[in-house]
Amino acid sequence: MLTWANKPISAAPAAMFRVLFGLLMAFNTIRFWYFGWIEDHFVTPTFHFTYFGFDWVQPLPEFWMYTLHVIAFIAAILIMLGWFYRWAAVCFFLLFTYFELIDLTYYLNHYYFISLMSGIIIFLPLNRCFSLDVSLGRVSELKELPQWPLRLIQFQIAVVYVYAGLAKLNYDWLFQALPLRMWLPANSDIPVIGWLFNYPETSYAFSWAGMLYDTFIVFFLMWRRTRLIAYAAVLFFHGVTAWLFQIGVFPLVMSIIVLVFFSPEFHQRIINFIRGSIPPFGRKSLSPSNPTVRLGGIGISVILLFVAFQVLFPWRFIFYPGNMYWTEEAYRFGWRVMLVEKAGTAQFFVKDGDTGKEGEVYNREFLNAHQEKQMSFQPDMIIQFAHHLKEVYEDQGLQDVSVRCEAWVTLNGRPSQLLFDPQLDLTKIEDSWAPKTWINPLISE
Amino acid sequence: MKKHIIRVSLALFQLGAVLLCVSCDDDKDDSQSSTSFNRTDLLSHYDQQIIHPSLQAFDAATKSLQATVNKVSQNPSNENLEAAKTAWVTAIEAYSNCYSFNFGPGETLFGSFAENVGTFPASEQKITTFITNGDTAQSNFERDSRGIYGLEYLLFQPNALTQFSDANYAAYSRSVARNLSEEVDEMVTGWSSYRTGFAEDNGTGSSSSITVMYNEWLKGYELIKNFMVGVPAGLRAGQTSPAPEQVAGYHSKQSKELIRLHLLHIEAMYFGDVLPAGDQAVGFDDFLLTTVGGDAVLAQTKEQWNAVWAAYNALPDRPLDELVVSNPTEVETFYTELSKHTRFFKSELSSRIGLTITYDSGDGD
């Protein structure tokens, strides 16, 4: 295993990955700012839903949230340039992960992916080639690296695709073409091909094609003979999803970073092209090898543990009873992307234990539209909100407050049903990793 | 190894093709199958038959109202005051048909159409201060000191006729009526330029015509449930007793009727009805029928509409500010039925017709 991991290969693909990843993250940070999301996500909300065990992560005052995004942008640029690379990677990882941990309602699999990837690259010697760290003599250049850094990056990308494909192996997706049968007709206004989306057959074709694409695309990207056609499929698939659905920057991110599966020669040509257009400066020592980038026993053990975690963690749903798409238990961090159409209406009622008077909460007094939408069908968020309401109303002078909620949820076009007993006092329930037995089973499986 | 991958892939593709055929065959008898829906037709209908005519009617009503207010302020008499009150009732009826149009020209940097025109309840204290100070500029953010409900206070308060003899009171009333008319005029003008793009933008994204219209319509429904009924009835969390003075239409004693009119507007917008005749044309209900599970949801929604109207009709024929004290149980029943209705609008409809409610990126692959 060690021999395989340390087998030398060209450093070009890993270096180009660093450049592209840094560039994309810089673009993503600017985009986030441009759309006003720093304000909307971190500054305006009066309440944030926290990740289990991370309730200590809170947003800083407005000035600092903007400042941190400036720092994250600079860190992404430094990653791209490979200048003070490791510090930049640490900085970007901590900041991006901090932003993501602030509010659970903004969880996206791809944000998780970026957090993971920015964490992984801290430990990879991606600045040993085509970097300012090399040009300025901060580190010695390596034309070849052991293959483990590149393989680890490819593994993480493969996990995203393969698990996204496996998650589509379910009855609704394959045999009901749901949720695509609900989503595609909404795009029938698109010129030229829009009319096709009104046909269920189109949804079935998209469902199956999507499943097959996600499950197998990385294998076709790995294989030289199918790589080009596979990449054309990548561009087509992500182009179509970007066109049809509101999924932001991620089609672009995935379309670009899968280039890491391309040959060293391909990456070297790009590097040579860029080098040709930028005058070299301050190039220092060239060192043929460096033992610090070779993997030892401890290193490979850590990597194997990480790999095992990535492979096994998405399967934790088998320990929970019921339909995962309904209960949401073990749903996150499993690469289940664009898999269900789920919506709910959650109405909360606060009761003063002293007087017995009960009143309805106007959710928008505490939550923005996005937070309310996400919370209304996710049980752990409903619990968090109920606990928050108890605090708020007890601060207002109500005594022994109980909070109940009537949450009607629809999954993939099924008739709405109550997510749990509306008489349940949610303040008595603590969130945990244990199965949420208080959730009603999905009636129409 | 590579050969194995190819073989497995091909086998899966073949399996997929077979299952696809099977699935499509099954779908022939599937009542949930999707069919096409022409969103442009819906938008054109709403523009031409509902939004534009409603705004024009409100514009005409506010102009008449302004004329009557000018008259009573220049010549305070019981007759002139009654004429102004009648004009106000006509105007509020017209407003009830367009209070949810807070998008496009109805959404400005200085607040929404409904905020600028229909903030309630009016603040007696702020109005009195402006009158005392002789401030008729209407250039502030104290929206509860003007608008149609500000004018309601000025016309319907017990000493209105006497007060109109006061120059400041009369001038302030004129300025409120003028401001109201100007706001509505601006909205009508804005809509005239906006309407072409409105009908053409037939997508379902977060900023599409149908989504912004739906969002504001939903807020319009929640305004009725929460603020026209819930708060006055003391049914909001943290309230210890009813708050009758919080009703819309307190001074004119129109509070119960206004709820009916506002609900009629919400219903008309759902079914694409043209008020007051109720001619049904293409509406959200028709859109819903073309979606997965839409027929069942529509049936349930209609059932709940019936329950809402039954609860409303069970209320004694008195203003809501009196009912919340004298008949709290009936009011609470009405509120409960309104609450039950929320899900049909808030999640059932938008989820099925595929509207993207918020701007934030969804998860994607």
# chains A, B, ... in the order shown; residues from 1 in each chain; ligands from 1
$ interface_residues --of "chain A" --to "chain B" --cutoff "6 Å" --atoms "only C-alpha atoms" --output "ChimeraX atom specification"
/A:108,175,183,186,189,198,246-248,337-338,343-345,350,359-361,370,413
$ write_last_selection --atoms "C-alpha atoms" --output "PDB file, in the first residue's frame"
ATOM      1  CA  LEU A 108     -25.583  22.054   1.085  1.00  0.00           C
ATOM      2  CA  PHE A 175     -39.913   4.248 -11.067  1.00  0.00           C
ATOM      3  CA  TRP A 183     -39.507  19.945 -11.338  1.00  0.00           C
ATOM      4  CA  ALA A 186     -41.723  24.090 -14.210  1.00  0.00           C
ATOM      5  CA  ASP A 189     -40.768  27.979 -20.681  1.00  0.00           C
ATOM      6  CA  ASN A 198     -44.177  18.434 -20.043  1.00  0.00           C
ATOM      7  CA  GLN A 246     -31.363  27.180  -9.167  1.00  0.00           C
ATOM      8  CA  ILE A 247     -28.188  25.515  -7.977  1.00  0.00           C
ATOM      9  CA  GLY A 248     -25.734  28.344  -8.032  1.00  0.00           C
ATOM     10  CA  VAL A 337     -28.202  15.859  -3.872  1.00  0.00           C
ATOM     11  CA  MET A 338     -31.407  17.137  -5.483  1.00  0.00           C
ATOM     12  CA  ALA A 343     -42.119  21.160   1.561  1.00  0.00           C
ATOM     13  CA  GLY A 344     -43.938  21.842   4.765  1.00  0.00           C
ATOM     14  CA  THR A 345     -45.931  24.274   6.806  1.00  0.00           C
ATOM     15  CA  VAL A 350     -46.829  28.639  22.645  1.00  0.00           C
ATOM     16  CA  GLY A 359     -51.116  31.616  21.038  1.00  0.00           C
ATOM     17  CA  GLU A 360     -49.730  31.053  17.574  1.00  0.00           C
ATOM     18  CA  VAL A 361     -46.215  32.105  16.688  1.00  0.00           C
ATOM     19  CA  HIS A 370     -35.311  30.511   3.651  1.00  0.00           C
ATOM     20  CA  GLY A 413     -45.987  14.967  -4.345  1.00  0.00           C
TER      21      GLY A 413
END
$ residues_around --residues "Leu263 of chain B" --least-positions-apart "5" --cutoff "12 Å" --atoms "only C-alpha atoms" --output "PyMOL selection string"
chain B and resi 93+96-100+217-218+220-225+228-229+256-258+268-270+275+305+308-309+312+338+341
$ write_last_selection --atoms "C-alpha atoms" --output "JSON list (two decimals), in the first residue's frame"
[["chain", "number", "residue", "atom", "x", "y", "z"],
["B", 93, "GLU", "CA", -63.54, 47.81, -1.17],
["B", 96, "SER", "CA", -59.29, 44.89, -0.89],
["B", 97, "ASN", "CA", -59.02, 43.71, -4.49],
["B", 98, "CYS", "CA", -55.42, 44.80, -4.90],
["B", 99, "TYR", "CA", -53.73, 44.85, -1.49],
["B", 100, "SER", "CA", -51.54, 41.85, -2.37],
["B", 217, "TRP", "CA", -50.50, 36.67, -2.42],
["B", 218, "LEU", "CA", -49.41, 34.30, 0.35],
["B", 220, "GLY", "CA", -51.73, 38.74, 1.79],
["B", 221, "TYR", "CA", -53.38, 35.62, 3.17],
["B", 222, "GLU", "CA", -51.18, 35.64, 6.27],
["B", 223, "LEU", "CA", -52.02, 39.31, 6.79],
["B", 224, "ILE", "CA", -55.68, 38.37, 7.12],
["B", 225, "LYS", "CA", -55.05, 35.41, 9.38],
["B", 228, "MET", "CA", -56.78, 41.17, 10.73],
["B", 229, "VAL", "CA", -58.01, 38.29, 12.90],
["B", 256, "LYS", "CA", -65.74, 42.05, 9.64],
["B", 257, "GLU", "CA", -66.69, 43.10, 6.12],
["B", 258, "LEU", "CA", -63.08, 43.93, 5.32],
["B", 268, "ALA", "CA", -60.23, 35.06, -6.49],
["B", 269, "MET", "CA", -56.47, 35.07, -6.97],
["B", 270, "TYR", "CA", -56.39, 31.33, -6.26],
["B", 275, "LEU", "CA", -64.47, 39.97, -9.10],
["B", 305, "TRP", "CA", -62.30, 27.08, 1.69],
["B", 308, "VAL", "CA", -63.32, 28.90, 6.28],
["B", 309, "TRP", "CA", -66.43, 30.52, 4.82],
["B", 312, "TYR", "CA", -66.89, 33.24, 8.86],
["B", 338, "LEU", "CA", -57.84, 30.04, 8.58],
["B", 341, "HIS", "CA", -55.89, 26.64, 5.35]]
$ select_by_dssp --residues "segment 85-191 of chain A" --states "helix (DSSP H, G or I)" --output "ChimeraX atom specification"
/A:85-102,104-106,109-123,132-135,148-167,171-175,180-187
$ closest_residue --among "B:Pro316, B:Pro53, B:Pro76, B:Pro328" --to "Tyr95 of chain B" --atoms "only C-alpha atoms"
B:Pro53
$ atom_distance --atom1 "atom CA of Leu104 of chain A" --atom2 "atom CA of Arg336 of chain A"
15.9 Å
$ residues_around --residues "Asp286 of chain B" --least-positions-apart "3" --cutoff "9 Å" --atoms "only C-alpha atoms" --output "list in words"
Phe37, Phe271, Gly272, Ala281, Val282, Gly283, Leu289 and Thr290 of chain B
$ write_last_selection --atoms "N, CA and C atoms" --output "mmCIF file, in the first residue's frame"
data_model
loop_
_atom_site.group_PDB
_atom_site.id
_atom_site.type_symbol
_atom_site.label_atom_id
_atom_site.label_comp_id
_atom_site.auth_asym_id
_atom_site.auth_seq_id
_atom_site.Cartn_x
_atom_site.Cartn_y
_atom_site.Cartn_z
ATOM 1 N N PHE B 37 -48.960 23.113 -18.877
ATOM 2 C CA PHE B 37 -49.750 24.234 -18.398
ATOM 3 C C PHE B 37 -49.126 25.499 -18.958
ATOM 4 N N PHE B 271 -58.327 31.070 -7.678
ATOM 5 C CA PHE B 271 -59.096 30.432 -8.756
ATOM 6 C C PHE B 271 -59.057 31.210 -10.069
ATOM 7 N N GLY B 272 -58.427 32.374 -10.054
ATOM 8 C CA GLY B 272 -58.384 33.192 -11.261
ATOM 9 C C GLY B 272 -59.722 33.864 -11.528
ATOM 10 N N ALA B 281 -61.699 31.839 -14.679
ATOM 11 C CA ALA B 281 -60.816 31.635 -15.829
ATOM 12 C C ALA B 281 -59.601 30.891 -15.305
ATOM 13 N N VAL B 282 -58.526 30.951 -16.074
ATOM 14 C CA VAL B 282 -57.352 30.195 -15.665
ATOM 15 C C VAL B 282 -56.756 30.780 -14.375
ATOM 16 N N GLY B 283 -56.440 29.876 -13.430
ATOM 17 C CA GLY B 283 -55.898 30.308 -12.143
ATOM 18 C C GLY B 283 -54.945 29.279 -11.584
ATOM 19 N N LEU B 289 -53.933 21.431 -11.069
ATOM 20 C CA LEU B 289 -54.512 20.216 -11.635
ATOM 21 C C LEU B 289 -53.573 19.497 -12.604
ATOM 22 N N THR B 290 -52.604 20.217 -13.126
ATOM 23 C CA THR B 290 -51.696 19.593 -14.094
ATOM 24 C C THR B 290 -50.477 18.972 -13.407
#
$ residues_around --residues "Thr90 of chain B" --least-positions-apart "3" --cutoff "9 Å" --atoms "only C-alpha atoms" --output "ChimeraX atom specification"
/B:58,61-62,65,85-87,93-95
$ residues_around --residues "Gly119 of chain A" --least-positions-apart "5" --cutoff "9 Å" --atoms "only C-alpha atoms" --output "tab-separated table (two decimals) with N, CA and C atoms, in the first residue's frame"
chain	number	residue	atom	x	y	z
A	89	ALA	N	-4.32	27.73	3.11
A	89	ALA	CA	-5.27	26.61	3.11
A	89	ALA	C	-5.92	26.45	4.49
A	90	VAL	N	-5.10	26.57	5.53
A	90	VAL	CA	-5.63	26.47	6.89
A	90	VAL	C	-6.66	27.58	7.11
A	92	PHE	N	-8.39	29.35	4.89
A	92	PHE	CA	-9.60	29.20	4.09
A	92	PHE	C	-10.50	28.11	4.66
A	93	PHE	N	-9.88	27.00	5.04
A	93	PHE	CA	-10.66	25.89	5.61
A	93	PHE	C	-11.41	26.35	6.86
A	94	LEU	N	-10.70	27.01	7.76
A	94	LEU	CA	-11.33	27.43	9.01
A	94	LEU	C	-12.45	28.44	8.75
A	114	ILE	N	-16.76	21.35	-0.16
A	114	ILE	CA	-15.70	22.37	-0.17
A	114	ILE	C	-14.97	22.41	1.17
$ residues_around --residues "Leu150 of chain A" --least-positions-apart "2" --cutoff "9 Å" --atoms "only C-alpha atoms" --output "VMD selection string"
chain A and resid 11 13 to 14 17 124 145 to 148 152 to 155 260 to 261
$ residues_around --residues "Ser255 of chain B" --least-positions-apart "4" --cutoff "10 Å" --atoms "only C-alpha atoms" --output "MDAnalysis selection string"
chainID B and resid 228:229 246:251 259:261 318:322
$ write_last_selection --atoms "C-alpha atoms" --output "compact mmCIF listing (two decimals), in the first residue's frame"
# COMPACT_ATOMS: atom_id res chain seq x y z
CA MET B 228 -56.78 41.17 10.73
CA VAL B 229 -58.01 38.29 12.90
CA GLN B 246 -55.97 46.44 16.29
CA VAL B 247 -58.61 45.45 13.75
CA ALA B 248 -58.56 46.86 10.24
CA GLY B 249 -61.57 49.15 9.88
CA TYR B 250 -62.03 49.92 13.59
CA HIS B 251 -63.43 53.43 13.18
CA ILE B 259 -62.03 40.42 6.29
CA ARG B 260 -64.63 39.06 3.90
CA LEU B 261 -63.47 41.31 1.09
CA ARG B 318 -71.13 42.76 14.17
CA PRO B 319 -67.73 44.41 13.82
CA LEU B 320 -64.81 42.18 14.70
CA ASP B 321 -63.66 44.49 17.48
CA GLU B 322 -66.90 43.70 19.27
$ select_by_dssp --residues "segment 52-264 of chain A" --states "strand (DSSP E or B)" --output "ChimeraX atom specification"
/A:141,144-146
$ atom_distance --atom1 "atom CA of Pro244 of chain B" --atom2 "atom CA of Ile148 of chain B"
19.0 Å
$ closest_residue --among "A:Phe27, A:Trp64, A:Phe262, A:Tyr106" --to "Thr226 of chain A" --atoms "only C-alpha atoms"
A:Phe262
